[in-house]
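> As input, take my_file16.pdb (PDB, N, CA and C atoms):
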```pdb
ATOM      1  N   MET A 235     204.510  59.920  90.785  1.00  0.00           N
ATOM      2  CA  MET A 235     203.369  60.601  91.350  1.00  0.00           C
ATOM      3  C   MET A 235     202.170  59.640  91.344  1.00  0.00           C
ATOM      4  N   THR A 236     201.321  59.753  92.362  1.00  0.00           N
ATOM      5  CA  THR A 236     200.140  58.899  92.479  1.00  0.00           C
ATOM      6  C   THR A 236     198.944  59.559  91.805  1.00  0.00           C
ATOM      7  N   TYR A 237     198.217  58.763  91.044  1.00  0.00           N
ATOM      8  CA  TYR A 237     197.025  59.234  90.327  1.00  0.00           C
ATOM      9  C   TYR A 237     195.826  58.387  90.718  1.00  0.00           C
ATOM     10  N   SER A 238     194.668  59.026  90.768  1.00  0.00           N
ATOM     11  CA  SER A 238     193.403  58.330  91.014  1.00  0.00           C
ATOM     12  C   SER A 238     192.433  58.686  89.899  1.00  0.00           C
ATOM     13  N   TYR A 239     191.611  57.714  89.522  1.00  0.00           N
ATOM     14  CA  TYR A 239     190.656  57.900  88.428  1.00  0.00           C
ATOM     15  C   TYR A 239     189.370  57.182  88.780  1.00  0.00           C
ATOM     16  N   ARG A 240     188.244  57.848  88.576  1.00  0.00           N
ATOM     17  CA  ARG A 240     186.929  57.233  88.781  1.00  0.00           C
ATOM     18  C   ARG A 240     186.396  56.767  87.431  1.00  0.00           C
ATOM     19  N   PRO A 241     186.409  55.457  87.189  1.00  0.00           N
ATOM     20  CA  PRO A 241     185.942  54.923  85.911  1.00  0.00           C
ATOM     21  C   PRO A 241     184.452  55.169  85.694  1.00  0.00           C
ATOM     22  N   LYS A 242     184.075  55.217  84.426  1.00  0.00           N
ATOM     23  CA  LYS A 242     182.680  55.472  84.044  1.00  0.00           C
ATOM     24  C   LYS A 242     182.117  54.271  83.285  1.00  0.00           C
ATOM     25  N   GLY A 243     180.892  53.871  83.621  1.00  0.00           N
ATOM     26  CA  GLY A 243     180.201  52.826  82.881  1.00  0.00           C
ATOM     27  C   GLY A 243     180.647  51.408  83.167  1.00  0.00           C
ATOM     28  N   VAL A 244     181.394  51.204  84.269  1.00  0.00           N
ATOM     29  CA  VAL A 244     181.887  49.867  84.613  1.00  0.00           C
ATOM     30  C   VAL A 244     181.635  49.591  86.093  1.00  0.00           C
ATOM     31  N   CYS A 245     181.907  48.377  86.527  1.00  0.00           N
ATOM     32  CA  CYS A 245     181.670  47.981  87.916  1.00  0.00           C
ATOM     33  C   CYS A 245     182.707  48.546  88.881  1.00  0.00           C
ATOM     34  N   SER A 246     183.938  48.737  88.435  1.00  0.00           N
ATOM     35  CA  SER A 246     184.960  49.264  89.342  1.00  0.00           C
ATOM     36  C   SER A 246     184.654  50.722  89.684  1.00  0.00           C
ATOM     37  N   ARG A 247     185.091  51.131  90.888  1.00  0.00           N
ATOM     38  CA  ARG A 247     184.770  52.469  91.385  1.00  0.00           C
ATOM     39  C   ARG A 247     185.952  53.421  91.413  1.00  0.00           C
ATOM     40  N   LEU A 248     187.171  52.876  91.544  1.00  0.00           N
ATOM     41  CA  LEU A 248     188.340  53.737  91.659  1.00  0.00           C
ATOM     42  C   LEU A 248     189.582  52.987  91.207  1.00  0.00           C
ATOM     43  N   MET A 249     190.421  53.676  90.438  1.00  0.00           N
ATOM     44  CA  MET A 249     191.712  53.136  90.012  1.00  0.00           C
ATOM     45  C   MET A 249     192.791  54.081  90.531  1.00  0.00           C
ATOM     46  N   THR A 250     193.781  53.494  91.222  1.00  0.00           N
ATOM     47  CA  THR A 250     194.877  54.281  91.767  1.00  0.00           C
ATOM     48  C   THR A 250     196.182  53.631  91.328  1.00  0.00           C
ATOM     49  N   PHE A 251     197.134  54.457  90.898  1.00  0.00           N
ATOM     50  CA  PHE A 251     198.415  53.940  90.432  1.00  0.00           C
ATOM     51  C   PHE A 251     199.456  55.045  90.490  1.00  0.00           C
ATOM     52  N   GLU A 252     200.702  54.649  90.366  1.00  0.00           N
ATOM     53  CA  GLU A 252     201.800  55.597  90.294  1.00  0.00           C
ATOM     54  C   GLU A 252     202.401  55.544  88.902  1.00  0.00           C
ATOM     55  N   LEU A 253     202.858  56.698  88.440  1.00  0.00           N
ATOM     56  CA  LEU A 253     203.606  56.789  87.192  1.00  0.00           C
ATOM     57  C   LEU A 253     204.958  57.401  87.505  1.00  0.00           C
ATOM     58  N   GLU A 254     206.017  56.705  87.126  1.00  0.00           N
ATOM     59  CA  GLU A 254     207.383  57.208  87.249  1.00  0.00           C
ATOM     60  C   GLU A 254     207.989  57.201  85.858  1.00  0.00           C
ATOM     61  N   ASP A 255     208.218  58.376  85.305  1.00  0.00           N
ATOM     62  CA  ASP A 255     208.763  58.481  83.943  1.00  0.00           C
ATOM     63  C   ASP A 255     207.939  57.682  82.942  1.00  0.00           C
ATOM     64  N   GLY A 256     206.603  57.723  83.104  1.00  0.00           N
ATOM     65  CA  GLY A 256     205.708  57.042  82.182  1.00  0.00           C
ATOM     66  C   GLY A 256     205.564  55.551  82.421  1.00  0.00           C
ATOM     67  N   ILE A 257     206.156  55.029  83.507  1.00  0.00           N
ATOM     68  CA  ILE A 257     206.097  53.608  83.838  1.00  0.00           C
ATOM     69  C   ILE A 257     205.077  53.408  84.966  1.00  0.00           C
ATOM     70  N   ILE A 258     204.215  52.397  84.819  1.00  0.00           N
ATOM     71  CA  ILE A 258     203.133  52.123  85.768  1.00  0.00           C
ATOM     72  C   ILE A 258     203.643  51.285  86.943  1.00  0.00           C
ATOM     73  N   HIS A 259     203.225  51.699  88.150  1.00  0.00           N
ATOM     74  CA  HIS A 259     203.543  50.941  89.365  1.00  0.00           C
ATOM     75  C   HIS A 259     202.336  50.935  90.292  1.00  0.00           C
ATOM     76  N   GLY A 260     202.107  49.800  90.936  1.00  0.00           N
ATOM     77  CA  GLY A 260     201.151  49.699  92.026  1.00  0.00           C
ATOM     78  C   GLY A 260     199.696  49.949  91.683  1.00  0.00           C
ATOM     79  N   LEU A 261     199.245  49.498  90.519  1.00  0.00           N
ATOM     80  CA  LEU A 261     197.838  49.686  90.159  1.00  0.00           C
ATOM     81  C   LEU A 261     196.946  48.932  91.137  1.00  0.00           C
ATOM     82  N   GLN A 262     195.976  49.656  91.699  1.00  0.00           N
ATOM     83  CA  GLN A 262     194.961  49.051  92.559  1.00  0.00           C
ATOM     84  C   GLN A 262     193.603  49.500  92.053  1.00  0.00           C
ATOM     85  N   VAL A 263     192.657  48.556  92.003  1.00  0.00           N
ATOM     86  CA  VAL A 263     191.313  48.853  91.510  1.00  0.00           C
ATOM     87  C   VAL A 263     190.316  48.437  92.578  1.00  0.00           C
ATOM     88  N   GLU A 264     189.425  49.353  92.935  1.00  0.00           N
ATOM     89  CA  GLU A 264     188.356  49.063  93.892  1.00  0.00           C
ATOM     90  C   GLU A 264     187.102  48.693  93.114  1.00  0.00           C
ATOM     91  N   GLY A 265     186.463  47.587  93.512  1.00  0.00           N
ATOM     92  CA  GLY A 265     185.263  47.125  92.840  1.00  0.00           C
ATOM     93  C   GLY A 265     185.630  46.336  91.595  1.00  0.00           C
ATOM     94  N   GLY A 266     184.640  45.890  90.870  1.00  0.00           N
ATOM     95  CA  GLY A 266     184.884  45.136  89.639  1.00  0.00           C
ATOM     96  C   GLY A 266     185.191  43.676  89.900  1.00  0.00           C
ATOM     97  N   CYS A 267     185.645  42.990  88.892  1.00  0.00           N
ATOM     98  CA  CYS A 267     185.959  41.557  88.950  1.00  0.00           C
ATOM     99  C   CYS A 267     187.342  41.369  89.573  1.00  0.00           C
ATOM    100  N   ASP A 268     187.363  40.981  90.824  1.00  0.00           N
ATOM    101  CA  ASP A 268     188.584  40.962  91.628  1.00  0.00           C
ATOM    102  C   ASP A 268     189.753  40.234  90.963  1.00  0.00           C
ATOM    103  N   GLY A 269     189.538  38.998  90.565  1.00  0.00           N
ATOM    104  CA  GLY A 269     190.630  38.215  89.982  1.00  0.00           C
ATOM    105  C   GLY A 269     191.151  38.811  88.686  1.00  0.00           C
ATOM    106  N   ASN A 270     190.239  39.218  87.812  1.00  0.00           N
ATOM    107  CA  ASN A 270     190.657  39.804  86.534  1.00  0.00           C
ATOM    108  C   ASN A 270     191.445  41.082  86.746  1.00  0.00           C
ATOM    109  N   LEU A 271     190.984  41.917  87.667  1.00  0.00           N
ATOM    110  CA  LEU A 271     191.666  43.189  87.885  1.00  0.00           C
ATOM    111  C   LEU A 271     193.005  43.009  88.594  1.00  0.00           C
ATOM    112  N   LYS A 272     193.118  42.002  89.460  1.00  0.00           N
ATOM    113  CA  LYS A 272     194.424  41.682  90.047  1.00  0.00           C
ATOM    114  C   LYS A 272     195.378  41.211  88.960  1.00  0.00           C
ATOM    115  N   GLY A 273     194.856  40.418  88.024  1.00  0.00           N
ATOM    116  CA  GLY A 273     195.675  39.947  86.910  1.00  0.00           C
ATOM    117  C   GLY A 273     196.149  41.090  86.036  1.00  0.00           C
ATOM    118  N   ILE A 274     195.252  42.005  85.702  1.00  0.00           N
ATOM    119  CA  ILE A 274     195.621  43.167  84.891  1.00  0.00           C
ATOM    120  C   ILE A 274     196.660  43.998  85.629  1.00  0.00           C
ATOM    121  N   SER A 275     196.459  44.185  86.927  1.00  0.00           N
ATOM    122  CA  SER A 275     197.418  44.961  87.722  1.00  0.00           C
ATOM    123  C   SER A 275     198.808  44.339  87.661  1.00  0.00           C
ATOM    124  N   ALA A 276     198.878  43.023  87.766  1.00  0.00           N
ATOM    125  CA  ALA A 276     200.174  42.333  87.701  1.00  0.00           C
ATOM    126  C   ALA A 276     200.792  42.448  86.304  1.00  0.00           C
ATOM    127  N   LEU A 277     199.955  42.345  85.272  1.00  0.00           N
ATOM    128  CA  LEU A 277     200.462  42.402  83.902  1.00  0.00           C
ATOM    129  C   LEU A 277     201.013  43.777  83.526  1.00  0.00           C
ATOM    130  N   VAL A 278     200.379  44.848  84.007  1.00  0.00           N
ATOM    131  CA  VAL A 278     200.814  46.190  83.588  1.00  0.00           C
ATOM    132  C   VAL A 278     201.942  46.737  84.454  1.00  0.00           C
ATOM    133  N   GLU A 279     202.239  46.088  85.574  1.00  0.00           N
ATOM    134  CA  GLU A 279     203.319  46.545  86.456  1.00  0.00           C
ATOM    135  C   GLU A 279     204.631  46.657  85.677  1.00  0.00           C
ATOM    136  N   GLY A 280     205.234  47.846  85.719  1.00  0.00           N
ATOM    137  CA  GLY A 280     206.512  48.072  85.055  1.00  0.00           C
ATOM    138  C   GLY A 280     206.417  48.372  83.571  1.00  0.00           C
ATOM    139  N   MET A 281     205.202  48.393  83.015  1.00  0.00           N
ATOM    140  CA  MET A 281     205.037  48.684  81.588  1.00  0.00           C
ATOM    141  C   MET A 281     204.942  50.184  81.339  1.00  0.00           C
ATOM    142  N   LYS A 282     205.266  50.585  80.121  1.00  0.00           N
ATOM    143  CA  LYS A 282     205.070  51.970  79.710  1.00  0.00           C
ATOM    144  C   LYS A 282     203.580  52.226  79.562  1.00  0.00           C
ATOM    145  N   ALA A 283     203.135  53.355  80.082  1.00  0.00           N
ATOM    146  CA  ALA A 283     201.716  53.698  80.013  1.00  0.00           C
ATOM    147  C   ALA A 283     201.232  53.732  78.564  1.00  0.00           C
ATOM    148  N   GLU A 284     202.046  54.255  77.653  1.00  0.00           N
ATOM    149  CA  GLU A 284     201.638  54.338  76.246  1.00  0.00           C
ATOM    150  C   GLU A 284     201.364  52.957  75.655  1.00  0.00           C
ATOM    151  N   ASP A 285     202.163  51.969  76.047  1.00  0.00           N
ATOM    152  CA  ASP A 285     201.965  50.603  75.535  1.00  0.00           C
ATOM    153  C   ASP A 285     200.666  50.003  76.062  1.00  0.00           C
ATOM    154  N   VAL A 286     200.374  50.253  77.334  1.00  0.00           N
ATOM    155  CA  VAL A 286     199.144  49.736  77.932  1.00  0.00           C
ATOM    156  C   VAL A 286     197.931  50.405  77.287  1.00  0.00           C
ATOM    157  N   ILE A 287     198.008  51.707  77.062  1.00  0.00           N
ATOM    158  CA  ILE A 287     196.906  52.419  76.400  1.00  0.00           C
ATOM    159  C   ILE A 287     196.629  51.802  75.038  1.00  0.00           C
ATOM    160  N   ALA A 288     197.670  51.564  74.263  1.00  0.00           N
ATOM    161  CA  ALA A 288     197.513  51.003  72.913  1.00  0.00           C
ATOM    162  C   ALA A 288     196.884  49.613  72.947  1.00  0.00           C
ATOM    163  N   ARG A 289     197.204  48.821  73.959  1.00  0.00           N
ATOM    164  CA  ARG A 289     196.682  47.457  74.035  1.00  0.00           C
ATOM    165  C   ARG A 289     195.256  47.375  74.571  1.00  0.00           C
ATOM    166  N   LEU A 290     194.902  48.273  75.500  1.00  0.00           N
ATOM    167  CA  LEU A 290     193.628  48.135  76.189  1.00  0.00           C
ATOM    168  C   LEU A 290     192.510  49.020  75.664  1.00  0.00           C
ATOM    169  N   ARG A 291     192.859  50.076  74.936  1.00  0.00           N
ATOM    170  CA  ARG A 291     191.829  51.000  74.431  1.00  0.00           C
ATOM    171  C   ARG A 291     190.864  50.244  73.532  1.00  0.00           C
ATOM    172  N   GLY A 292     189.576  50.394  73.799  1.00  0.00           N
ATOM    173  CA  GLY A 292     188.556  49.790  72.953  1.00  0.00           C
ATOM    174  C   GLY A 292     188.071  48.423  73.399  1.00  0.00           C
ATOM    175  N   VAL A 293     188.678  47.842  74.449  1.00  0.00           N
ATOM    176  CA  VAL A 293     188.217  46.554  74.959  1.00  0.00           C
ATOM    177  C   VAL A 293     186.838  46.771  75.593  1.00  0.00           C
ATOM    178  N   THR A 294     185.895  45.904  75.269  1.00  0.00           N
ATOM    179  CA  THR A 294     184.542  46.042  75.813  1.00  0.00           C
ATOM    180  C   THR A 294     184.247  44.914  76.796  1.00  0.00           C
ATOM    181  N   CYS A 295     183.159  45.089  77.563  1.00  0.00           N
ATOM    182  CA  CYS A 295     182.724  44.094  78.542  1.00  0.00           C
ATOM    183  C   CYS A 295     181.258  43.787  78.264  1.00  0.00           C
ATOM    184  N   GLY A 296     180.978  42.589  77.762  1.00  0.00           N
ATOM    185  CA  GLY A 296     179.603  42.215  77.442  1.00  0.00           C
ATOM    186  C   GLY A 296     178.984  43.230  76.499  1.00  0.00           C
ATOM    187  N   PRO A 297     177.767  43.683  76.800  1.00  0.00           N
ATOM    188  CA  PRO A 297     177.091  44.629  75.906  1.00  0.00           C
ATOM    189  C   PRO A 297     177.550  46.081  76.099  1.00  0.00           C
ATOM    190  N   LYS A 298     178.388  46.324  77.097  1.00  0.00           N
ATOM    191  CA  LYS A 298     178.857  47.696  77.350  1.00  0.00           C
ATOM    192  C   LYS A 298     179.836  48.125  76.255  1.00  0.00           C
ATOM    193  N   ASN A 299     179.907  49.427  76.016  1.00  0.00           N
ATOM    194  CA  ASN A 299     180.850  49.915  75.012  1.00  0.00           C
ATOM    195  C   ASN A 299     182.195  50.280  75.636  1.00  0.00           C
ATOM    196  N   THR A 300     182.410  49.864  76.887  1.00  0.00           N
ATOM    197  CA  THR A 300     183.670  50.085  77.587  1.00  0.00           C
ATOM    198  C   THR A 300     183.914  48.903  78.511  1.00  0.00           C
ATOM    199  N   SER A 301     185.010  48.937  79.261  1.00  0.00           N
ATOM    200  CA  SER A 301     185.363  47.885  80.216  1.00  0.00           C
ATOM    201  C   SER A 301     186.352  48.483  81.206  1.00  0.00           C
ATOM    202  N   CYS A 302     186.678  47.734  82.241  1.00  0.00           N
ATOM    203  CA  CYS A 302     187.691  48.218  83.178  1.00  0.00           C
ATOM    204  C   CYS A 302     189.044  48.411  82.482  1.00  0.00           C
ATOM    205  N   PRO A 303     189.483  47.486  81.611  1.00  0.00           N
ATOM    206  CA  PRO A 303     190.733  47.739  80.898  1.00  0.00           C
ATOM    207  C   PRO A 303     190.667  48.996  80.015  1.00  0.00           C
ATOM    208  N   ASP A 304     189.551  49.208  79.330  1.00  0.00           N
ATOM    209  CA  ASP A 304     189.368  50.398  78.503  1.00  0.00           C
ATOM    210  C   ASP A 304     189.433  51.649  79.378  1.00  0.00           C
ATOM    211  N   GLN A 305     188.755  51.608  80.527  1.00  0.00           N
ATOM    212  CA  GLN A 305     188.771  52.746  81.439  1.00  0.00           C
ATOM    213  C   GLN A 305     190.178  52.997  81.987  1.00  0.00           C
ATOM    214  N   LEU A 306     190.947  51.943  82.201  1.00  0.00           N
ATOM    215  CA  LEU A 306     192.339  52.110  82.628  1.00  0.00           C
ATOM    216  C   LEU A 306     193.122  52.876  81.572  1.00  0.00           C
ATOM    217  N   SER A 307     192.846  52.610  80.305  1.00  0.00           N
ATOM    218  CA  SER A 307     193.566  53.338  79.243  1.00  0.00           C
ATOM    219  C   SER A 307     193.275  54.836  79.326  1.00  0.00           C
ATOM    220  N   TYR A 308     192.037  55.197  79.653  1.00  0.00           N
ATOM    221  CA  TYR A 308     191.680  56.616  79.806  1.00  0.00           C
ATOM    222  C   TYR A 308     192.339  57.215  81.047  1.00  0.00           C
ATOM    223  N   ALA A 309     192.396  56.428  82.127  1.00  0.00           N
ATOM    224  CA  ALA A 309     193.053  56.889  83.349  1.00  0.00           C
ATOM    225  C   ALA A 309     194.529  57.180  83.086  1.00  0.00           C
ATOM    226  N   LEU A 310     195.183  56.285  82.364  1.00  0.00           N
ATOM    227  CA  LEU A 310     196.602  56.463  82.053  1.00  0.00           C
ATOM    228  C   LEU A 310     196.826  57.662  81.141  1.00  0.00           C
ATOM    229  N   GLU A 311     195.957  57.817  80.154  1.00  0.00           N
ATOM    230  CA  GLU A 311     196.062  58.955  79.237  1.00  0.00           C
ATOM    231  C   GLU A 311     195.923  60.276  80.011  1.00  0.00           C
ATOM    232  N   GLU A 312     194.968  60.324  80.922  1.00  0.00           N
ATOM    233  CA  GLU A 312     194.763  61.515  81.745  1.00  0.00           C
ATOM    234  C   GLU A 312     195.986  61.799  82.626  1.00  0.00           C
ATOM    235  N   ALA A 313     196.539  60.742  83.231  1.00  0.00           N
ATOM    236  CA  ALA A 313     197.713  60.897  84.090  1.00  0.00           C
ATOM    237  C   ALA A 313     198.918  61.394  83.284  1.00  0.00           C
ATOM    238  N   LEU A 314     199.106  60.854  82.087  1.00  0.00           N
ATOM    239  CA  LEU A 314     200.217  61.313  81.242  1.00  0.00           C
ATOM    240  C   LEU A 314     200.057  62.784  80.885  1.00  0.00           C
ATOM    241  N   ALA A 315     198.834  63.201  80.610  1.00  0.00           N
ATOM    242  CA  ALA A 315     198.574  64.608  80.280  1.00  0.00           C
ATOM    243  C   ALA A 315     198.894  65.502  81.484  1.00  0.00           C
ATOM    244  N   LYS A 316     198.508  65.068  82.676  1.00  0.00           N
ATOM    245  CA  LYS A 316     198.802  65.841  83.886  1.00  0.00           C
ATOM    246  C   LYS A 316     200.286  65.907  84.150  1.00  0.00           C
ATOM    247  N   ALA A 317     200.991  64.837  83.791  1.00  0.00           N
ATOM    248  CA  ALA A 317     202.446  64.785  84.009  1.00  0.00           C
ATOM    249  C   ALA A 317     203.198  65.540  82.923  1.00  0.00           C
ATOM    250  N   GLY A 318     202.476  65.976  81.878  1.00  0.00           N
ATOM    251  CA  GLY A 318     203.121  66.722  80.792  1.00  0.00           C
ATOM    252  C   GLY A 318     203.881  65.855  79.821  1.00  0.00           C
ATOM    253  N   LYS A 319     203.458  64.596  79.681  1.00  0.00           N
ATOM    254  CA  LYS A 319     204.151  63.681  78.756  1.00  0.00           C
ATOM    255  C   LYS A 319     203.416  63.591  77.440  1.00  0.00           C
TER
END
```
Translate this structure into structure tokens?

Amino acid sequence: MTYSYRPKGVCSRLMTFELEDGIIHGLQVEGGCDGNLKGISALVEGMKAEDVIARLRGVTCGPKNTSCPDQLSYALEEALAKAGK
């Protein structure tokens, strides 16, 4: 199923991805640091959402108390809850 999430407190505006049995596919991020977010998208492809949440939760960006990776962890957590996992 495809999920969309509007991150808060970061430069990116929208995160869209698919979850199949808790596995991440096709993460796309609008806005933010293009190269870094393409890299993150490639790294999380095929990973379990729970593993990505554990690795990225709490990552900050400069003086902000969050980051695009941190916001991705919240997006994944929300998607898992909607999927009933």
> Please return as an MDAnalysis selection string every residue within 12 Å of (196.1, 59.7, 75.3), taking into account only C-alpha atoms and the file's own coordinates.
chainID A and resid 283:288 290:291 304:319
> Can you tell me, as a PDB file with N, CA and C atoms, in the coordinates of the input, which residues in chain A count as strand (DSSP E) by DSSP?

```
ATOM      1  N   THR A 236     201.321  59.753  92.362  1.00  0.00           N
ATOM      2  CA  THR A 236     200.140  58.899  92.479  1.00  0.00           C
ATOM      3  C   THR A 236     198.944  59.559  91.805  1.00  0.00           C
ATOM      4  N   TYR A 237     198.217  58.763  91.044  1.00  0.00           N
ATOM      5  CA  TYR A 237     197.025  59.234  90.327  1.00  0.00           C
ATOM      6  C   TYR A 237     195.826  58.387  90.718  1.00  0.00           C
ATOM      7  N   SER A 238     194.668  59.026  90.768  1.00  0.00           N
ATOM      8  CA  SER A 238     193.403  58.330  91.014  1.00  0.00           C
ATOM      9  C   SER A 238     192.433  58.686  89.899  1.00  0.00           C
ATOM     10  N   TYR A 239     191.611  57.714  89.522  1.00  0.00           N
ATOM     11  CA  TYR A 239     190.656  57.900  88.428  1.00  0.00           C
ATOM     12  C   TYR A 239     189.370  57.182  88.780  1.00  0.00           C
ATOM     13  N   SER A 246     183.938  48.737  88.435  1.00  0.00           N
ATOM     14  CA  SER A 246     184.960  49.264  89.342  1.00  0.00           C
ATOM     15  C   SER A 246     184.654  50.722  89.684  1.00  0.00           C
ATOM     16  N   ARG A 247     185.091  51.131  90.888  1.00  0.00           N
ATOM     17  CA  ARG A 247     184.770  52.469  91.385  1.00  0.00           C
ATOM     18  C   ARG A 247     185.952  53.421  91.413  1.00  0.00           C
ATOM     19  N   LEU A 248     187.171  52.876  91.544  1.00  0.00           N
ATOM     20  CA  LEU A 248     188.340  53.737  91.659  1.00  0.00           C
ATOM     21  C   LEU A 248     189.582  52.987  91.207  1.00  0.00           C
ATOM     22  N   MET A 249     190.421  53.676  90.438  1.00  0.00           N
ATOM     23  CA  MET A 249     191.712  53.136  90.012  1.00  0.00           C
ATOM     24  C   MET A 249     192.791  54.081  90.531  1.00  0.00           C
ATOM     25  N   THR A 250     193.781  53.494  91.222  1.00  0.00           N
ATOM     26  CA  THR A 250     194.877  54.281  91.767  1.00  0.00           C
ATOM     27  C   THR A 250     196.182  53.631  91.328  1.00  0.00           C
ATOM     28  N   PHE A 251     197.134  54.457  90.898  1.00  0.00           N
ATOM     29  CA  PHE A 251     198.415  53.940  90.432  1.00  0.00           C
ATOM     30  C   PHE A 251     199.456  55.045  90.490  1.00  0.00           C
ATOM     31  N   GLU A 252     200.702  54.649  90.366  1.00  0.00           N
ATOM     32  CA  GLU A 252     201.800  55.597  90.294  1.00  0.00           C
ATOM     33  C   GLU A 252     202.401  55.544  88.902  1.00  0.00           C
ATOM     34  N   LEU A 253     202.858  56.698  88.440  1.00  0.00           N
ATOM     35  CA  LEU A 253     203.606  56.789  87.192  1.00  0.00           C
ATOM     36  C   LEU A 253     204.958  57.401  87.505  1.00  0.00           C
ATOM     37  N   GLU A 254     206.017  56.705  87.126  1.00  0.00           N
ATOM     38  CA  GLU A 254     207.383  57.208  87.249  1.00  0.00           C
ATOM     39  C   GLU A 254     207.989  57.201  85.858  1.00  0.00           C
ATOM     40  N   ILE A 257     206.156  55.029  83.507  1.00  0.00           N
ATOM     41  CA  ILE A 257     206.097  53.608  83.838  1.00  0.00           C
ATOM     42  C   ILE A 257     205.077  53.408  84.966  1.00  0.00           C
ATOM     43  N   ILE A 258     204.215  52.397  84.819  1.00  0.00           N
ATOM     44  CA  ILE A 258     203.133  52.123  85.768  1.00  0.00           C
ATOM     45  C   ILE A 258     203.643  51.285  86.943  1.00  0.00           C
ATOM     46  N   HIS A 259     203.225  51.699  88.150  1.00  0.00           N
ATOM     47  CA  HIS A 259     203.543  50.941  89.365  1.00  0.00           C
ATOM     48  C   HIS A 259     202.336  50.935  90.292  1.00  0.00           C
ATOM     49  N   GLY A 260     202.107  49.800  90.936  1.00  0.00           N
ATOM     50  CA  GLY A 260     201.151  49.699  92.026  1.00  0.00           C
ATOM     51  C   GLY A 260     199.696  49.949  91.683  1.00  0.00           C
ATOM     52  N   LEU A 261     199.245  49.498  90.519  1.00  0.00           N
ATOM     53  CA  LEU A 261     197.838  49.686  90.159  1.00  0.00           C
ATOM     54  C   LEU A 261     196.946  48.932  91.137  1.00  0.00           C
ATOM     55  N   GLN A 262     195.976  49.656  91.699  1.00  0.00           N
ATOM     56  CA  GLN A 262     194.961  49.051  92.559  1.00  0.00           C
ATOM     57  C   GLN A 262     193.603  49.500  92.053  1.00  0.00           C
ATOM     58  N   VAL A 263     192.657  48.556  92.003  1.00  0.00           N
ATOM     59  CA  VAL A 263     191.313  48.853  91.510  1.00  0.00           C
ATOM     60  C   VAL A 263     190.316  48.437  92.578  1.00  0.00           C
ATOM     61  N   GLU A 264     189.425  49.353  92.935  1.00  0.00           N
ATOM     62  CA  GLU A 264     188.356  49.063  93.892  1.00  0.00           C
ATOM     63  C   GLU A 264     187.102  48.693  93.114  1.00  0.00           C
ATOM     64  N   GLY A 265     186.463  47.587  93.512  1.00  0.00           N
ATOM     65  CA  GLY A 265     185.263  47.125  92.840  1.00  0.00           C
ATOM     66  C   GLY A 265     185.630  46.336  91.595  1.00  0.00           C
TER      67      GLY A 265
END
```
> Just so the selection is clear, what residues does the PyMOL selection byres (((chain A and resi 236 and name CA) around 8) and name CA) cover here, as a tab-separated table (two decimals) with N, CA and C atoms, in the coordinates of the input?

```tsv
chain	number	residue	atom	x	y	z
A	235	MET	N	204.51	59.92	90.78
A	235	MET	CA	203.37	60.60	91.35
A	235	MET	C	202.17	59.64	91.34
A	237	TYR	N	198.22	58.76	91.04
A	237	TYR	CA	197.02	59.23	90.33
A	237	TYR	C	195.83	58.39	90.72
A	238	SER	N	194.67	59.03	90.77
A	238	SER	CA	193.40	58.33	91.01
A	238	SER	C	192.43	58.69	89.90
A	250	THR	N	193.78	53.49	91.22
A	250	THR	CA	194.88	54.28	91.77
A	250	THR	C	196.18	53.63	91.33
A	251	PHE	N	197.13	54.46	90.90
A	251	PHE	CA	198.42	53.94	90.43
A	251	PHE	C	199.46	55.04	90.49
A	252	GLU	N	200.70	54.65	90.37
A	252	GLU	CA	201.80	55.60	90.29
A	252	GLU	C	202.40	55.54	88.90
A	253	LEU	N	202.86	56.70	88.44
A	253	LEU	CA	203.61	56.79	87.19
A	253	LEU	C	204.96	57.40	87.50
```
> Could you check which of A:Val293, A:Met281, A:Cys302, A:Ile274 is closest to Ser246 (chain A), using only C-alpha atoms?
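Of all the options, A:Cys302 lies closest to Ser246 (chain A).
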> CA of Lys298 (chain A) and CA of Gly256 (chain A) are how many Å apart?
28.8 Å
> Could you jot down the CA of Asn299 (chain A) to CA of Ala276 (chain A) separation for me, Å, one decimal place?
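Rounded to one decimal, the two atoms are 24.3 Å apart.
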> Which polymer residues have any atom within 6 Å of an atom of Leu248 (chain A), counting only C-alpha atoms, with same-chain residues fewer than 2 positions away left out, as a ChimeraX atom specification?
/A:239-240,263-264
> Give the centre and edge lengths of an axis-aligned box, in Å to one decimal, that holds all listed atoms of region 263-273 of chain A with 3 Å on each side, as JSON.

```
{"center_x": 190.4, "center_y": 43.8, "center_z": 90.0, "size_x": 17.5, "size_y": 17.1, "size_z": 13.9}
```
> For a cutoff of 7 Å around the file-coordinate point (184.3, 55.3, 80.0), which residues qualify once you count only C-alpha atoms? I'd like the result as an MDAnalysis selection string.
chainID A and resid 241:243 300 305
> How would you write, as a ChimeraX atom specification, the set of residues in chain A that DSSP gives as alpha helix (DSSP H)?
/A:268-278,283-290,302-317
> Enter the distance from atom N of Ile257 (chain A) to atom N of Ser301 (chain A), in Å, rounded to one decimal.
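Between atom N of Ile257 (chain A) and atom N of Ser301 (chain A) the gap works out to 22.4 Å.
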> Let me make sure I understand: among A:Gly280, A:Gly296, A:Lys272, A:Arg247, which one has the smallest atom-to-atom distance to Gly260 (chain A) if we use all atoms listed in the file?
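Ranked by minimum distance to Gly260 (chain A), first place goes to A:Gly280.
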> Between A:Lys282, A:Cys245, A:Leu277, A:Thr294, which is the closest to Gly265 (chain A) once you count only C-alpha atoms?
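Closest candidate: A:Cys245.
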